[in-house]
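File shown here: query.cif, holding mmCIF, C-alpha atoms.
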data_input
#
loop_
_atom_site.label_atom_id
_atom_site.label_comp_id
_atom_site.auth_asym_id
_atom_site.auth_seq_id
_atom_site.Cartn_x
_atom_site.Cartn_y
_atom_site.Cartn_z
CA MET A 1 -75.14 -8.91 80.40
CA GLU A 2 -72.69 -11.42 78.99
CA SER A 3 -73.79 -11.23 75.34
CA LYS A 4 -76.13 -9.49 72.91
CA LYS A 5 -78.05 -12.74 72.53
CA GLU A 6 -78.72 -12.90 76.26
CA LEU A 7 -79.93 -9.30 76.26
CA GLU A 8 -82.31 -10.14 73.42
CA GLN A 9 -83.58 -13.21 75.26
CA LEU A 10 -84.25 -11.28 78.44
CA THR A 11 -85.90 -8.43 76.53
CA ASN A 12 -88.18 -10.87 74.70
CA CYS A 13 -89.19 -12.36 78.03
CA ALA A 14 -89.77 -8.95 79.62
CA LEU A 15 -92.03 -7.89 76.73
CA CYS A 16 -93.84 -11.23 76.37
CA ALA A 17 -97.60 -11.67 76.83
CA ASN A 18 -96.83 -13.29 80.20
CA MET A 19 -99.03 -16.35 79.67
CA CYS A 20 -96.44 -18.62 81.31
CA LYS A 21 -97.51 -17.14 84.64
CA HIS A 22 -100.41 -19.60 84.57
CA SER A 23 -97.89 -22.41 85.00
CA CYS A 24 -95.92 -20.60 87.72
CA PRO A 25 -96.67 -22.07 91.18
CA THR A 26 -95.57 -18.99 93.08
CA TYR A 27 -97.95 -16.80 91.07
CA LEU A 28 -100.82 -19.28 91.28
CA ALA A 29 -100.38 -19.63 95.05
CA THR A 30 -100.26 -15.87 95.71
CA GLY A 31 -101.74 -14.01 92.75
CA SER A 32 -98.79 -11.61 92.95
CA GLU A 33 -97.92 -10.19 89.54
CA THR A 34 -94.54 -9.04 90.84
CA ILE A 35 -93.20 -12.57 90.91
CA THR A 36 -94.45 -13.77 87.52
CA PRO A 37 -91.64 -14.79 85.14
CA GLN A 38 -92.23 -11.80 82.86
CA LYS A 39 -92.18 -9.29 85.71
CA ILE A 40 -89.03 -10.81 87.16
CA ALA A 41 -87.39 -10.60 83.72
CA ARG A 42 -88.44 -6.96 83.49
CA LEU A 43 -86.93 -6.19 86.90
CA ILE A 44 -83.66 -7.87 85.90
CA LEU A 45 -83.60 -5.84 82.71
CA TYR A 46 -84.24 -2.62 84.63
CA GLN A 47 -81.48 -3.53 87.10
CA GLU A 48 -79.13 -4.18 84.20
CA LYS A 49 -79.86 -0.70 82.86
CA SER A 50 -79.52 0.87 86.35
CA PHE A 51 -83.17 2.00 86.40
CA LEU A 52 -83.88 0.58 89.87
CA GLU A 53 -83.12 2.42 93.10
CA ASP A 54 -84.36 -0.21 95.59
CA GLU A 55 -81.53 -2.75 95.44
CA GLN A 56 -82.74 -4.60 98.56
CA GLY A 57 -86.22 -4.96 97.06
CA PHE A 58 -84.75 -6.29 93.82
CA PHE A 59 -82.74 -8.95 95.64
CA GLU A 60 -85.78 -9.99 97.68
CA VAL A 61 -87.68 -10.71 94.47
CA MET A 62 -84.79 -12.82 93.17
CA PHE A 63 -85.27 -15.13 96.14
CA ARG A 64 -89.03 -15.43 95.69
CA SER A 65 -88.74 -17.75 92.71
CA SER A 66 -89.02 -21.46 93.45
CA MET A 67 -86.54 -22.11 90.59
CA CYS A 68 -88.76 -25.06 89.61
CA GLY A 69 -88.39 -24.64 85.84
CA ALA A 70 -92.10 -24.39 84.99
CA CYS A 71 -91.47 -21.16 83.09
CA LYS A 72 -88.76 -22.89 81.05
CA THR A 73 -90.99 -25.85 80.23
CA HIS A 74 -93.85 -23.63 79.04
CA CYS A 75 -91.76 -20.91 77.38
CA ILE A 76 -92.49 -20.05 73.74
CA TYR A 77 -88.81 -19.28 73.11
CA GLU A 78 -86.29 -22.05 72.47
CA ASN A 79 -83.17 -22.49 74.59
CA TYR A 80 -84.22 -19.86 77.12
CA ASP A 81 -84.21 -20.34 80.86
CA LEU A 82 -85.05 -17.34 83.05
CA ARG A 83 -83.51 -19.12 86.04
CA LYS A 84 -80.05 -18.40 84.63
CA PHE A 85 -80.65 -14.67 85.03
CA ILE A 86 -82.33 -15.08 88.43
CA GLN A 87 -79.28 -17.04 89.56
CA ARG A 88 -77.02 -14.14 88.59
CA GLY A 89 -79.22 -11.83 90.64
CA ARG A 90 -78.78 -14.15 93.61
CA SER A 91 -75.03 -14.13 93.13
CA GLU A 92 -75.10 -10.33 93.22
CA ALA A 93 -77.16 -10.50 96.43
CA PHE A 94 -74.65 -12.86 98.01
CA GLN A 95 -71.75 -10.59 97.09
CA ALA A 96 -73.64 -7.60 98.50
CA GLY A 97 -74.46 -9.47 101.73
CA MET A 98 -78.22 -9.19 101.16
CA LEU A 99 -79.50 -12.76 101.64
CA PRO A 100 -82.86 -13.66 103.21
CA ASP A 101 -82.30 -14.67 106.84
CA GLU A 102 -83.26 -18.32 106.37
CA ILE A 103 -80.90 -18.78 103.44
CA ARG A 104 -78.09 -16.86 105.18
CA LYS A 105 -78.36 -19.18 108.20
CA ARG A 106 -78.31 -22.24 105.94
CA VAL A 107 -75.14 -20.98 104.24
CA GLU A 108 -73.51 -20.39 107.62
CA THR A 109 -74.39 -23.95 108.68
CA PHE A 110 -72.98 -25.30 105.44
CA MET A 111 -69.74 -23.41 105.88
CA LYS A 112 -69.36 -24.78 109.41
CA PHE A 113 -70.28 -28.43 108.77
CA GLY A 114 -69.99 -28.96 105.01
CA ASN A 115 -73.71 -29.67 104.67
CA PRO A 116 -76.95 -27.70 105.20
CA ASN A 117 -78.25 -29.77 108.13
CA GLY A 118 -75.52 -29.42 110.73
CA GLU A 119 -73.18 -31.94 112.28
CA ARG A 120 -73.68 -35.54 111.13
CA GLN A 121 -71.69 -38.75 110.68
CA LEU A 122 -70.30 -40.26 107.49
CA PHE A 123 -72.63 -42.78 105.86
CA GLN A 124 -70.56 -45.53 104.24
CA LYS A 125 -71.85 -49.03 103.52
CA GLY A 126 -71.23 -51.76 100.96
CA THR A 127 -68.71 -52.17 98.17
CA GLY A 128 -68.59 -52.16 94.39
CA ASP A 129 -68.33 -49.70 91.51
CA LEU A 130 -72.08 -48.97 91.55
CA GLY A 131 -72.76 -46.22 94.07
CA TYR A 132 -75.82 -44.90 95.85
CA PHE A 133 -75.44 -41.29 96.92
CA VAL A 134 -77.44 -40.50 100.05
CA SER A 135 -78.59 -36.89 99.67
CA CYS A 136 -78.88 -34.47 102.59
CA SER A 137 -82.68 -34.86 102.58
CA ALA A 138 -82.52 -38.66 102.44
CA TYR A 139 -79.94 -38.74 105.24
CA LYS A 140 -82.60 -37.45 107.64
CA ASP A 141 -85.18 -40.03 106.49
CA GLN A 142 -84.52 -43.34 108.25
CA GLN A 143 -87.50 -45.04 106.59
CA LEU A 144 -86.20 -44.20 103.14
CA LEU A 145 -82.70 -45.40 103.96
CA GLU A 146 -83.99 -48.68 105.36
CA ALA A 147 -86.16 -49.18 102.28
CA MET A 148 -83.23 -48.67 99.91
CA ASP A 149 -81.04 -50.96 101.98
CA LYS A 150 -83.68 -53.70 101.78
CA ILE A 151 -83.98 -53.30 98.01
CA ILE A 152 -80.22 -53.54 97.54
CA THR A 153 -80.00 -56.61 99.77
CA VAL A 154 -82.89 -58.49 98.15
CA SER A 155 -81.73 -57.69 94.60
CA LYS A 156 -78.29 -59.05 95.56
CA GLY A 157 -76.62 -55.98 94.11
CA GLN A 158 -73.11 -54.81 94.95
CA VAL A 159 -73.81 -51.19 95.81
CA GLN A 160 -71.55 -48.78 97.67
CA GLN A 161 -73.75 -46.45 99.69
CA PHE A 162 -72.23 -43.14 100.76
CA GLY A 163 -73.18 -39.69 102.03
CA GLY A 164 -73.50 -37.77 105.26
CA ALA A 165 -70.69 -35.81 106.94
CA ASP A 166 -69.52 -33.06 104.58
CA ILE A 167 -70.39 -34.94 101.38
CA CYS A 168 -72.97 -32.69 99.73
CA CYS A 169 -73.65 -31.66 96.13
CA GLY A 170 -73.52 -28.02 97.24
CA SER A 171 -76.89 -26.95 95.86
CA PRO A 172 -77.81 -24.82 98.92
CA LEU A 173 -74.73 -22.70 98.18
CA TYR A 174 -75.59 -22.57 94.49
CA TYR A 175 -79.13 -21.31 95.09
CA ALA A 176 -77.85 -18.85 97.68
CA GLY A 177 -75.61 -17.33 95.01
CA ASP A 178 -72.33 -18.44 96.62
CA THR A 179 -70.55 -19.32 93.38
CA GLU A 180 -67.11 -19.92 94.88
CA GLY A 181 -68.44 -21.99 97.75
CA PHE A 182 -70.43 -24.09 95.31
CA LYS A 183 -67.33 -24.72 93.17
CA GLN A 184 -65.46 -25.95 96.23
CA ALA A 185 -68.33 -28.29 97.13
CA ALA A 186 -68.39 -29.61 93.55
CA GLN A 187 -64.66 -30.28 93.59
CA LYS A 188 -64.98 -32.10 96.91
CA MET A 189 -67.82 -34.23 95.55
CA LYS A 190 -65.68 -35.13 92.54
CA GLY A 191 -62.89 -36.19 94.87
CA GLU A 192 -65.25 -38.38 96.91
CA ILE A 193 -66.49 -40.12 93.75
CA VAL A 194 -63.00 -40.66 92.35
CA LYS A 195 -61.80 -41.99 95.72
CA ARG A 196 -64.54 -44.62 95.69
CA LYS A 197 -63.76 -45.68 92.07
CA LEU A 198 -67.40 -45.56 91.01
CA ARG A 199 -68.59 -46.06 87.42
CA LYS A 200 -72.29 -45.35 87.99
CA ILE A 201 -74.20 -43.60 90.78
CA ILE A 202 -77.84 -43.94 91.85
CA VAL A 203 -79.22 -40.61 93.10
CA ASP A 204 -82.43 -40.21 95.14
CA CYS A 205 -82.64 -36.39 95.01
CA PRO A 206 -83.52 -34.86 91.60
CA ASN A 207 -81.80 -31.62 92.54
CA CYS A 208 -78.54 -33.38 93.44
CA MET A 209 -78.69 -35.16 90.10
CA LYS A 210 -79.23 -31.88 88.27
CA MET A 211 -76.26 -30.32 90.05
CA MET A 212 -73.92 -33.21 89.23
CA THR A 213 -75.02 -33.79 85.62
CA GLU A 214 -75.62 -30.22 84.48
CA VAL A 215 -74.55 -27.41 86.78
CA TYR A 216 -71.15 -28.90 87.65
CA HIS A 217 -70.29 -28.91 83.95
CA GLU A 218 -71.21 -25.22 83.69
CA ILE A 219 -68.59 -24.34 86.32
CA GLY A 220 -65.92 -26.61 84.81
CA VAL A 221 -66.27 -29.63 87.12
CA ASP A 222 -66.91 -32.73 85.02
CA LEU A 223 -67.66 -36.08 86.62
CA GLU A 224 -66.66 -39.04 84.47
CA VAL A 225 -69.36 -41.28 85.84
CA GLU A 226 -72.90 -42.23 84.79
CA PHE A 227 -75.84 -41.08 86.90
CA ILE A 228 -79.22 -42.75 87.22
CA HIS A 229 -82.21 -41.59 89.23
CA VAL A 230 -83.58 -44.05 91.77
CA THR A 231 -86.86 -44.42 89.83
CA GLU A 232 -84.95 -45.65 86.79
CA PHE A 233 -82.94 -48.02 88.99
CA LEU A 234 -86.10 -49.45 90.58
CA ASN A 235 -87.80 -49.77 87.20
CA THR A 236 -84.89 -51.82 85.88
CA LEU A 237 -84.84 -54.13 88.91
CA LEU A 238 -88.56 -54.84 88.57
CA ARG A 239 -88.48 -55.41 84.82
CA GLU A 240 -85.49 -57.74 85.11
CA GLY A 241 -87.24 -59.75 87.81
CA LYS A 242 -84.63 -59.04 90.46
CA LEU A 243 -87.39 -58.07 92.88
CA LYS A 244 -90.47 -60.19 93.48
CA VAL A 245 -93.39 -58.14 94.73
CA ASN A 246 -96.98 -58.49 95.87
CA ARG A 247 -99.21 -56.52 93.52
CA ALA A 248 -101.41 -53.92 95.15
CA ASN A 249 -105.14 -53.41 94.69
CA ILE A 250 -105.42 -49.76 95.68
CA THR A 251 -105.07 -46.32 94.07
CA ALA A 252 -102.02 -44.08 94.12
CA THR A 253 -101.33 -40.50 93.11
CA PHE A 254 -97.80 -39.64 92.04
CA HIS A 255 -96.49 -36.14 92.65
CA ASP A 256 -93.96 -35.25 89.95
CA PRO A 257 -91.01 -33.45 91.58
CA CYS A 258 -90.42 -30.29 89.56
CA ILE A 259 -86.71 -30.80 88.87
CA LEU A 260 -87.24 -34.48 88.05
CA VAL A 261 -89.62 -33.66 85.21
CA ASN A 262 -88.65 -30.12 84.15
CA ASP A 263 -84.86 -30.59 84.14
CA LEU A 264 -84.24 -34.33 84.03
CA GLY A 265 -87.23 -35.21 81.83
CA ILE A 266 -88.24 -38.19 83.98
CA SER A 267 -91.97 -38.83 84.37
CA ALA A 268 -92.55 -42.28 82.84
CA ALA A 269 -90.22 -44.34 85.06
CA PRO A 270 -92.01 -43.73 88.40
CA ARG A 271 -95.38 -44.50 86.85
CA GLU A 272 -94.02 -47.68 85.32
CA VAL A 273 -92.73 -48.70 88.76
CA LEU A 274 -96.15 -48.13 90.32
CA GLY A 275 -97.72 -50.03 87.43
CA GLU A 276 -95.40 -52.98 88.06
CA LEU A 277 -96.61 -52.93 91.66
CA GLY A 278 -100.24 -53.08 90.52
CA PHE A 279 -101.36 -49.62 91.66
CA GLU A 280 -104.13 -47.84 89.83
CA ILE A 281 -102.74 -44.36 89.23
CA LYS A 282 -105.02 -41.36 89.76
CA GLU A 283 -103.43 -38.34 88.13
CA PRO A 284 -103.81 -34.87 89.65
CA VAL A 285 -104.83 -32.04 87.31
CA TYR A 286 -101.29 -30.68 87.41
CA SER A 287 -98.95 -33.56 86.63
CA ARG A 288 -96.00 -34.51 84.41
CA ASP A 289 -94.93 -31.37 82.46
CA ASP A 290 -97.63 -29.35 84.20
CA THR A 291 -96.58 -30.32 87.73
CA HIS A 292 -96.35 -27.75 90.49
CA CYS A 293 -93.39 -27.40 92.86
CA CYS A 294 -93.88 -28.60 96.44
CA GLY A 295 -92.36 -25.32 97.64
CA GLY A 296 -89.20 -26.82 99.10
CA LEU A 297 -86.68 -26.76 96.28
CA CYS A 298 -82.96 -26.64 97.09
CA GLY A 299 -83.18 -27.65 100.74
CA ALA A 300 -82.95 -24.03 101.90
CA ARG A 301 -86.46 -23.47 100.52
CA ILE A 302 -87.67 -20.24 98.97
CA GLY A 303 -86.38 -17.08 100.65
CA ASP A 304 -89.90 -15.99 101.61
CA CYS A 305 -91.27 -18.51 104.15
CA ASN A 306 -94.84 -17.27 103.82
CA LEU A 307 -94.65 -17.78 100.08
CA THR A 308 -93.23 -21.26 100.59
CA ASP A 309 -96.14 -22.23 102.82
CA LYS A 310 -98.67 -20.99 100.26
CA VAL A 311 -97.04 -22.97 97.44
CA SER A 312 -96.96 -26.11 99.58
CA ALA A 313 -100.58 -25.71 100.70
CA MET A 314 -101.70 -25.26 97.10
CA ARG A 315 -99.91 -28.42 96.00
CA ILE A 316 -101.36 -30.46 98.87
CA CYS A 317 -104.88 -29.37 97.89
CA GLU A 318 -104.24 -30.29 94.25
CA LEU A 319 -103.07 -33.77 95.19
CA LYS A 320 -105.87 -34.34 97.70
CA GLU A 321 -108.44 -33.78 94.94
CA THR A 322 -107.59 -37.21 93.53
CA ALA A 323 -108.77 -38.87 96.77
CA ALA A 324 -106.21 -41.64 96.21
CA ASP A 325 -105.42 -44.28 98.82
CA ILE A 326 -101.74 -43.26 98.95
CA TYR A 327 -99.62 -40.37 97.75
CA VAL A 328 -96.16 -41.01 96.36
CA SER A 329 -93.21 -38.94 95.21
CA ALA A 330 -89.62 -39.56 94.15
CA CYS A 331 -87.80 -36.79 95.97
CA PRO A 332 -86.91 -36.80 99.69
CA THR A 333 -87.54 -33.05 99.93
CA CYS A 334 -91.01 -33.33 98.38
CA LYS A 335 -91.87 -36.09 100.84
CA ALA A 336 -90.83 -33.91 103.80
CA VAL A 337 -92.50 -30.71 102.58
CA LEU A 338 -95.77 -32.48 101.66
CA SER A 339 -95.86 -34.49 104.89
CA GLY A 340 -99.43 -33.30 105.49
CA LEU A 341 -100.47 -35.94 102.96
CA ASP A 342 -98.58 -38.72 104.75
CA MET A 343 -96.63 -38.98 101.51
CA LYS A 344 -94.19 -41.81 100.91
CA ASP A 345 -91.14 -42.04 98.71
CA ILE A 346 -91.43 -44.50 95.85
CA THR A 347 -88.47 -46.42 97.29
CA GLU A 348 -90.50 -47.14 100.42
CA ILE A 349 -93.48 -48.29 98.36
CA VAL A 350 -91.34 -50.78 96.46
CA ALA A 351 -89.70 -52.09 99.64
CA GLU A 352 -93.09 -52.62 101.28
CA ARG A 353 -94.30 -54.80 98.39
CA ILE A 354 -91.26 -57.09 98.26
CA ILE A 355 -91.99 -60.77 98.84
CA ASP A 356 -89.56 -62.05 101.46
CA GLU A 357 -88.14 -65.44 100.44
#

Could I get this structure in the form of structure tokens?
Amino acid sequence: MESKKELEQLTNCALCANMCKHSCPTYLATGSETITPQKIARLILYQEKSFLEDEQGFFEVMFRSSMCGACKTHCIYENYDLRKFIQRGRSEAFQAGMLPDEIRKRVETFMKFGNPNGERQLFQKGTGDLGYFVSCSAYKDQQLLEAMDKIITVSKGQVQQFGGADICCGSPLYYAGDTEGFKQAAQKMKGEIVKRKLRKIIVDCPNCMKMMTEVYHEIGVDLEVEFIHVTEFLNTLLREGKLKVNRANITATFHDPCILVNDLGISAAPREVLGELGFEIKEPVYSRDDTHCCGGLCGARIGDCNLTDKVSAMRICELKETAADIYVSACPTCKAVLSGLDMKDITEIVAERIIDE
């Protein structure tokens, strides 16, 4: 443990009444007490004190957290985030060579191609000091890319779009516990941004934005550029009248991506965008600060595939209860994981409503 304060924080969590488990999607989807925040904290504390003999079992639990931040949002203690300690456990697993198979394969792919999805071409389009970073998840989504391209064209913005190839924020390595590999990816990303002389960057993936605005700083890689999530960008365009749209007359349910709301604090902007488009919003029971993870955080997904499927199925059922006409999110990964709902990204929804002049 790095400090006495951290030990006290972890001990408080391990001895807590464990009520935050009722906001934990992995617990709610499985009913497994072993993977509640309090029980995970207790295991980490026992590992720290060398009370555990099953090292493999300990590492497996570290990869059963969705890392969604619900426990942080609903924690009774200030400035405490259990994910920091889980992340250390994952780093120990990486060093010991004890990664879940799916995550190990994703790391191997990343090391070979510089991204988690395998060989792909560089995406480079447009000019200007305003950038749009195409995340790994968005790169695979042609509909999303076409929608963003239409929005940029119609708004007459000078936007430099880039991504693909080996340009990746590195989050799959981070969540796999590969600290050194993640640092290298962060340094490369910094170089790509500096090379393009960007002053501000639009980001479609909440997790990429978290990496570049928060986690990079923690490892000593600071990016001297402003970041804005795509929902904020779209909201500004609509409010400034740079996009003329046909207002809708149907209902929509917005799925709050966990990192977007729990780490970036963004929940109003996407709803304001849908409001500008005329949609009647039907909120699910678990929304905004109470949202549940889709199950697909970090691209490599949770280490336990069966657990992932249960979390995703639970979230789909929660959203379906609204019986809305369409289901919308603002994260390419959420859209892919919750495809059973025929979910669309908010960028696509905006592009579809644009009045062609």

Cut-off 9 Å: closest range 160-229 of chain A/range 247-270 of chain A atom pairs per residue, using all atoms listed in the file, as a tab-separated table:
residue	atom	partner	partner_atom	distance
A:Cys205	CA	A:Leu260	CA	8.6
A:Pro206	CA	A:Leu260	CA	5.2
A:Asn207	CA	A:Ile259	CA	6.2
A:Met209	CA	A:Leu264	CA	8.3
A:Lys210	CA	A:Leu264	CA	7.0
A:His229	CA	A:Ile266	CA	8.7

Include C-alpha atoms and write out the residues we just selected as an mmCIF file, keeping the file's coordinate frame.
data_model
loop_
_atom_site.group_PDB
_atom_site.id
_atom_site.type_symbol
_atom_site.label_atom_id
_atom_site.label_comp_id
_atom_site.auth_asym_id
_atom_site.auth_seq_id
_atom_site.Cartn_x
_atom_site.Cartn_y
_atom_site.Cartn_z
ATOM 1 C CA CYS A 205 -82.640 -36.390 95.010
ATOM 2 C CA PRO A 206 -83.520 -34.860 91.600
ATOM 3 C CA ASN A 207 -81.800 -31.620 92.540
ATOM 4 C CA MET A 209 -78.690 -35.160 90.100
ATOM 5 C CA LYS A 210 -79.230 -31.880 88.270
ATOM 6 C CA HIS A 229 -82.210 -41.590 89.230
#

Subject >> Selection dump of the PyMOL selection byres ((chain A and resi 147-156) around 6), as a count of residues only >> reply: 8

Original post:
Between A:Ile40, A:Cys208, A:Leu10, A:Met62, which has the minimum distance to Asn79 in chain A (counting only C-alpha atoms)?
Top reply: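 The answer is A:Leu10, which sits nearest to Asn79 in chain A.
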
**OP:** Name the residues in contact with Met189 in chain A at a cut-off of 12 Å, using all atoms listed in the file, excluding same-chain residues fewer than 6 positions from it; report them as a PyMOL selection string.
**Re:** chain A and resi 114-115+133+135+162-171+182-183+195-196+208+211-212+216+221-223

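Distance check against Leu173 in chain A using all atoms listed in the file: of A:Glu108, A:Asp204, A:Glu280, A:Glu214, the minimum falls on A:Glu108.
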
Original post:
Which is closest to Tyr132 in chain A among A:Thr11, A:Asn18, A:Gln160, A:Gln187, if we use only C-alpha atoms?
Top reply: A:Gln160

Subject >> Test item: residues at most 9 Å from range 341-343 of chain A, all atoms listed in the file, excluding those fewer than 6 positions along its chain, as a list in words >> reply: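 Here the answer would be Ile316, Leu319, Lys320, Ile326, Tyr327, Val328, Ser329, Cys334 and Lys335 of chain A.
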
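Here CA of Val285 in chain A and CA of Leu28 in chain A stand 14.0 Å from one another.
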
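Interatomic distance, CA of Glu318 in chain A to CA of Tyr175 in chain A: 26.7 Å.
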
**OP:** Excluding Thr231 in chain A and residues on its chain fewer than 3 positions from it, collect all residues at most 8 Å away from it, counting only C-alpha atoms, and give them as a PyMOL selection string.
**Re:** chain A and resi 234-235+269-270+273+330+346-347

Next, the residues of the selection above should be written as a PDB file, in the frame of the given file with C-alpha atoms.
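As a result, again_36.pdb now contains:
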ATOM      1  CA  LEU A 234     -86.100 -49.450  90.580  1.00  0.00           C
ATOM      2  CA  ASN A 235     -87.800 -49.770  87.200  1.00  0.00           C
ATOM      3  CA  ALA A 269     -90.220 -44.340  85.060  1.00  0.00           C
ATOM      4  CA  PRO A 270     -92.010 -43.730  88.400  1.00  0.00           C
ATOM      5  CA  VAL A 273     -92.730 -48.700  88.760  1.00  0.00           C
ATOM      6  CA  ALA A 330     -89.620 -39.560  94.150  1.00  0.00           C
ATOM      7  CA  ILE A 346     -91.430 -44.500  95.850  1.00  0.00           C
ATOM      8  CA  THR A 347     -88.470 -46.420  97.290  1.00  0.00           C
TER       9      THR A 347
END

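With all atoms listed in the file as the basis for measurement, A:His74 is the residue among A:Lys282, A:Arg64, A:Arg42, A:His74 that approaches Lys21 in chain A most closely.
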
**OP:** Please evaluate the PyMOL selection byres ((chain A and resi 101) around 12) against the displayed coordinates and give the resulting residues as an MDAnalysis selection string.
**Re:** chainID A and resid 60 63 94 97:100 102:108 176 300:305

Original post:
Between CA of Ile202 in chain A and CA of Ile228 in chain A, what is the distance, to one decimal in Å?
Top reply: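 CA of Ile202 in chain A sits 5.0 Å away from CA of Ile228 in chain A.
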
**OP:** Select, from A:Ile193, A:Val159, A:Met314, A:Val230, the residue with the minimum atom-to-atom distance to Thr291 in chain A, counting all atoms listed in the file.
**Re:** A:Met314

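Nearest-residue note for Tyr80 in chain A: choosing from A:Lys310, A:Lys5, A:Arg288, A:Lys125, the minimum distance belongs to A:Lys5, counting all atoms listed in the file.
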
Going by the chain IDs and residue numbers used in this file, which residues fall under the PyMOL selection byres ((chain A and resi 39) around 10)? Write them as a short mmCIF file (atom, residue, chain, number, x, y, z; two decimals) with C-alpha atoms, in the coordinates of the input.
data_model
loop_
_atom_site.label_atom_id
_atom_site.label_comp_id
_atom_site.auth_asym_id
_atom_site.auth_seq_id
_atom_site.Cartn_x
_atom_site.Cartn_y
_atom_site.Cartn_z
CA CYS A 13 -89.19 -12.36 78.03
CA ALA A 14 -89.77 -8.95 79.62
CA LEU A 15 -92.03 -7.89 76.73
CA CYS A 16 -93.84 -11.23 76.37
CA ASN A 18 -96.83 -13.29 80.20
CA LYS A 21 -97.51 -17.14 84.64
CA GLU A 33 -97.92 -10.19 89.54
CA THR A 34 -94.54 -9.04 90.84
CA ILE A 35 -93.20 -12.57 90.91
CA THR A 36 -94.45 -13.77 87.52
CA PRO A 37 -91.64 -14.79 85.14
CA GLN A 38 -92.23 -11.80 82.86
CA ILE A 40 -89.03 -10.81 87.16
CA ALA A 41 -87.39 -10.60 83.72
CA ARG A 42 -88.44 -6.96 83.49
CA LEU A 43 -86.93 -6.19 86.90
CA ILE A 44 -83.66 -7.87 85.90
CA LEU A 45 -83.60 -5.84 82.71
CA VAL A 61 -87.68 -10.71 94.47
#

Original post:
Which residues come within 10 Å of Val311 in chain A, counting only C-alpha atoms, excluding same-chain residues fewer than 4 positions away, as a list in words?
Top reply: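 Answer for this query is Pro25, Thr26, Tyr27, Leu28, Ala29, Thr30, Ser66, His292, Cys293, Cys294, Gly295, Gly296, Ile302, Cys305, Asn306, Leu307, Arg315 and Ile316 of chain A.
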
N, CA and C atoms for range 88-101 of chain A, written as a PDB file, keeping the file's coordinate frame, could you do that?
ATOM      1  N   ARG A  88     -78.002 -15.234  88.565  1.00  0.00           N
ATOM      2  CA  ARG A  88     -77.020 -14.140  88.590  1.00  0.00           C
ATOM      3  C   ARG A  88     -77.427 -13.070  89.592  1.00  0.00           C
ATOM      4  N   GLY A  89     -78.734 -12.802  89.656  1.00  0.00           N
ATOM      5  CA  GLY A  89     -79.220 -11.830  90.640  1.00  0.00           C
ATOM      6  C   GLY A  89     -78.942 -12.303  92.052  1.00  0.00           C
ATOM      7  N   ARG A  90     -79.071 -13.596  92.286  1.00  0.00           N
ATOM      8  CA  ARG A  90     -78.780 -14.150  93.610  1.00  0.00           C
ATOM      9  C   ARG A  90     -77.288 -14.059  93.925  1.00  0.00           C
ATOM     10  N   SER A  91     -76.476 -14.262  92.911  1.00  0.00           N
ATOM     11  CA  SER A  91     -75.030 -14.130  93.130  1.00  0.00           C
ATOM     12  C   SER A  91     -74.669 -12.703  93.507  1.00  0.00           C
ATOM     13  N   GLU A  92     -75.330 -11.736  92.876  1.00  0.00           N
ATOM     14  CA  GLU A  92     -75.100 -10.330  93.220  1.00  0.00           C
ATOM     15  C   GLU A  92     -75.541 -10.066  94.662  1.00  0.00           C
ATOM     16  N   ALA A  93     -76.664 -10.671  95.061  1.00  0.00           N
ATOM     17  CA  ALA A  93     -77.160 -10.500  96.430  1.00  0.00           C
ATOM     18  C   ALA A  93     -76.177 -11.081  97.432  1.00  0.00           C
ATOM     19  N   PHE A  94     -75.612 -12.237  97.099  1.00  0.00           N
ATOM     20  CA  PHE A  94     -74.650 -12.860  98.010  1.00  0.00           C
ATOM     21  C   PHE A  94     -73.419 -11.967  98.165  1.00  0.00           C
ATOM     22  N   GLN A  95     -72.930 -11.449  97.059  1.00  0.00           N
ATOM     23  CA  GLN A  95     -71.750 -10.590  97.090  1.00  0.00           C
ATOM     24  C   GLN A  95     -72.020  -9.300  97.868  1.00  0.00           C
ATOM     25  N   ALA A  96     -73.278  -8.843  97.796  1.00  0.00           N
ATOM     26  CA  ALA A  96     -73.640  -7.600  98.500  1.00  0.00           C
ATOM     27  C   ALA A  96     -74.042  -7.858  99.948  1.00  0.00           C
ATOM     28  N   GLY A  97     -74.080  -9.131 100.356  1.00  0.00           N
ATOM     29  CA  GLY A  97     -74.460  -9.470 101.730  1.00  0.00           C
ATOM     30  C   GLY A  97     -75.926  -9.243 102.019  1.00  0.00           C
ATOM     31  N   MET A  98     -76.778  -9.434 101.002  1.00  0.00           N
ATOM     32  CA  MET A  98     -78.220  -9.190 101.160  1.00  0.00           C
ATOM     33  C   MET A  98     -79.025 -10.466 100.942  1.00  0.00           C
ATOM     34  N   LEU A  99     -78.771 -11.508 101.738  1.00  0.00           N
ATOM     35  CA  LEU A  99     -79.500 -12.760 101.640  1.00  0.00           C
ATOM     36  C   LEU A  99     -80.684 -12.772 102.598  1.00  0.00           C
ATOM     37  N   PRO A 100     -81.775 -13.455 102.237  1.00  0.00           N
ATOM     38  CA  PRO A 100     -82.860 -13.660 103.210  1.00  0.00           C
ATOM     39  C   PRO A 100     -82.304 -14.395 104.422  1.00  0.00           C
ATOM     40  N   ASP A 101     -82.841 -14.114 105.604  1.00  0.00           N
ATOM     41  CA  ASP A 101     -82.300 -14.670 106.840  1.00  0.00           C
ATOM     42  C   ASP A 101     -82.203 -16.188 106.824  1.00  0.00           C
TER      43      ASP A 101
END
